[in-house]
Amino acid sequence: MRIFIQLLIVFTSLSFFAQTGRVIKVKDGDTIVILDSFNTQHTIRVADIDSPEKGQPFSKVAKDFVSAEIFGRTVFVEKTKIDRYGRTVGNVFYDNKNLSEELLRNGLAWHYKYFSDDQVLSELELKAREKQVGLWVDKNPINPYEWRKGTRY
């Protein structure tokens, strides 16, 4: 009985930090909904990046990119926290890829430096900017954080 309880504690703690599920909805470039093996839906906010908001240039391109990459597929989510909206924030992995990195590499997101100091992500954003990939073709793209605050240049 003691071993069973210990295994239950280990399994419960692992499920708190990681989750696997099939992507059943792509809300936008940085928010998805997955369905786990218990048929429970979980809204996932992709960690460390910020994609364009609805109505913002490249928002549909980012959403379509995420849909093409992972919709209907099983992903592994490495949870980092629960945000103020009750969403799981986490790194989303599929086919040995990290969704945050792929969005940055394709110029479809900003590295969310307000919450992340990850150097790899910073470099991916910088390379996309230099190559003028995705949203970086715009002369003066507006960071989604500023867009949400209503600051327009």
# chains A, B, ... in the order shown; residues from 1 in each chain; ligands from 1
$ residues_around --residues "stretch 73-83 of chain A" --least-positions-apart "5" --cutoff "8 Å" --atoms "only C-alpha atoms" --output "list in words"
Phe16, Phe17, Ala18, Gln19, Thr20, Gly21, Arg22, Val23, Ala47, Thr88, Val89, Gly90, Asn91, Val92, Phe93 and Tyr94 of chain A
$ closest_residue --among "A:Ala128, A:Ile70, A:Ile34, A:Val120" --to "A:Leu99" --atoms "only C-alpha atoms"
A:Ile70
$ select_by_dssp --residues "chain A" --states "strand (DSSP E)" --output "ChimeraX atom specification"
/A:18-28,31-35,41-46,49-50,74-82,88-94,97-98,110-111
$ atom_distance --atom1 "atom CA of A:Ile24" --atom2 "atom CA of A:Trp136"
29.2 Å
$ atom_distance --atom1 "atom CA of A:Val137" --atom2 "atom CA of A:Tyr112"
19.3 Å
$ residues_around --residues "A:Glu102" --least-positions-apart "5" --cutoff "10 Å" --atoms "only C-alpha atoms" --output "MDAnalysis selection string"
chainID A and resid 65:66 69 97 107:109 121 124
$ residues_around --residues "stretch 52-57 of chain A" --least-positions-apart "3" --cutoff "10 Å" --atoms "only C-alpha atoms" --output "list in words"
Lys27, Asp28, Gly29, Asp30, Lys60, Val61, Ala62, Lys63, Leu108, Ala109, Trp110, Leu135, Asp138, Pro141, Ile142, Asn143, Pro144, Tyr145, Trp147 and Arg148 of chain A
$ write_last_selection --atoms "N, CA and C atoms" --output "PDB file, in the first residue's frame"
ATOM      1  N   LYS A  27      -6.711  29.015 -30.707  1.00  0.00           N
ATOM      2  CA  LYS A  27      -7.423  30.275 -30.486  1.00  0.00           C
ATOM      3  C   LYS A  27      -6.738  31.432 -31.196  1.00  0.00           C
ATOM      4  N   ASP A  28      -5.423  31.437 -31.144  1.00  0.00           N
ATOM      5  CA  ASP A  28      -4.611  32.439 -31.833  1.00  0.00           C
ATOM      6  C   ASP A  28      -3.186  31.928 -31.887  1.00  0.00           C
ATOM      7  N   GLY A  29      -2.242  32.779 -32.226  1.00  0.00           N
ATOM      8  CA  GLY A  29      -0.868  32.333 -32.396  1.00  0.00           C
ATOM      9  C   GLY A  29      -0.170  31.857 -31.144  1.00  0.00           C
ATOM     10  N   ASP A  30      -0.710  32.209 -29.976  1.00  0.00           N
ATOM     11  CA  ASP A  30      -0.043  31.785 -28.739  1.00  0.00           C
ATOM     12  C   ASP A  30      -0.980  31.135 -27.727  1.00  0.00           C
ATOM     13  N   LYS A  60      -3.587  36.561 -38.145  1.00  0.00           N
ATOM     14  CA  LYS A  60      -4.136  35.401 -38.842  1.00  0.00           C
ATOM     15  C   LYS A  60      -3.021  34.503 -39.372  1.00  0.00           C
ATOM     16  N   VAL A  61      -1.940  35.092 -39.823  1.00  0.00           N
ATOM     17  CA  VAL A  61      -0.806  34.296 -40.317  1.00  0.00           C
ATOM     18  C   VAL A  61      -0.245  33.439 -39.179  1.00  0.00           C
ATOM     19  N   ALA A  62      -0.098  34.033 -37.989  1.00  0.00           N
ATOM     20  CA  ALA A  62       0.417  33.287 -36.828  1.00  0.00           C
ATOM     21  C   ALA A  62      -0.536  32.165 -36.446  1.00  0.00           C
ATOM     22  N   LYS A  63      -1.829  32.463 -36.406  1.00  0.00           N
ATOM     23  CA  LYS A  63      -2.823  31.443 -36.057  1.00  0.00           C
ATOM     24  C   LYS A  63      -2.808  30.310 -37.087  1.00  0.00           C
ATOM     25  N   LEU A 108       6.756  35.249 -36.362  1.00  0.00           N
ATOM     26  CA  LEU A 108       5.335  35.339 -36.061  1.00  0.00           C
ATOM     27  C   LEU A 108       5.057  35.600 -34.589  1.00  0.00           C
ATOM     28  N   ALA A 109       6.089  36.046 -33.884  1.00  0.00           N
ATOM     29  CA  ALA A 109       5.927  36.357 -32.464  1.00  0.00           C
ATOM     30  C   ALA A 109       7.102  37.203 -31.993  1.00  0.00           C
ATOM     31  N   TRP A 110       6.878  37.848 -30.882  1.00  0.00           N
ATOM     32  CA  TRP A 110       7.934  38.556 -30.165  1.00  0.00           C
ATOM     33  C   TRP A 110       8.374  37.653 -29.011  1.00  0.00           C
ATOM     34  N   LEU A 135       6.342  39.053 -39.598  1.00  0.00           N
ATOM     35  CA  LEU A 135       5.884  40.388 -39.215  1.00  0.00           C
ATOM     36  C   LEU A 135       6.990  41.436 -39.272  1.00  0.00           C
ATOM     37  N   ASP A 138       7.180  44.494 -41.815  1.00  0.00           N
ATOM     38  CA  ASP A 138       6.574  45.802 -41.533  1.00  0.00           C
ATOM     39  C   ASP A 138       7.646  46.771 -41.059  1.00  0.00           C
ATOM     40  N   PRO A 141       6.513  47.305 -36.713  1.00  0.00           N
ATOM     41  CA  PRO A 141       5.521  46.407 -36.105  1.00  0.00           C
ATOM     42  C   PRO A 141       5.281  46.778 -34.637  1.00  0.00           C
ATOM     43  N   ILE A 142       4.039  46.640 -34.219  1.00  0.00           N
ATOM     44  CA  ILE A 142       3.673  46.997 -32.844  1.00  0.00           C
ATOM     45  C   ILE A 142       3.635  45.745 -31.983  1.00  0.00           C
ATOM     46  N   ASN A 143       4.394  45.772 -30.936  1.00  0.00           N
ATOM     47  CA  ASN A 143       4.434  44.701 -29.952  1.00  0.00           C
ATOM     48  C   ASN A 143       3.011  44.479 -29.405  1.00  0.00           C
ATOM     49  N   PRO A 144       2.542  43.221 -29.310  1.00  0.00           N
ATOM     50  CA  PRO A 144       1.193  42.949 -28.812  1.00  0.00           C
ATOM     51  C   PRO A 144       0.933  43.541 -27.419  1.00  0.00           C
ATOM     52  N   TYR A 145       1.948  43.608 -26.607  1.00  0.00           N
ATOM     53  CA  TYR A 145       1.804  44.205 -25.271  1.00  0.00           C
ATOM     54  C   TYR A 145       1.365  45.661 -25.407  1.00  0.00           C
ATOM     55  N   TRP A 147      -0.004  46.955 -28.137  1.00  0.00           N
ATOM     56  CA  TRP A 147      -1.286  46.917 -28.834  1.00  0.00           C
ATOM     57  C   TRP A 147      -2.434  46.754 -27.822  1.00  0.00           C
ATOM     58  N   ARG A 148      -2.265  45.846 -26.868  1.00  0.00           N
ATOM     59  CA  ARG A 148      -3.295  45.624 -25.848  1.00  0.00           C
ATOM     60  C   ARG A 148      -3.515  46.858 -24.983  1.00  0.00           C
TER      61      ARG A 148
END
$ closest_residue --among "A:Ala68, A:Ile49, A:Leu126, A:Ile44" --to "A:Leu103" --atoms "only C-alpha atoms"
A:Ile49
$ atom_distance --atom1 "atom CA of A:Thr43" --atom2 "atom CA of A:Asp64"
17.7 Å
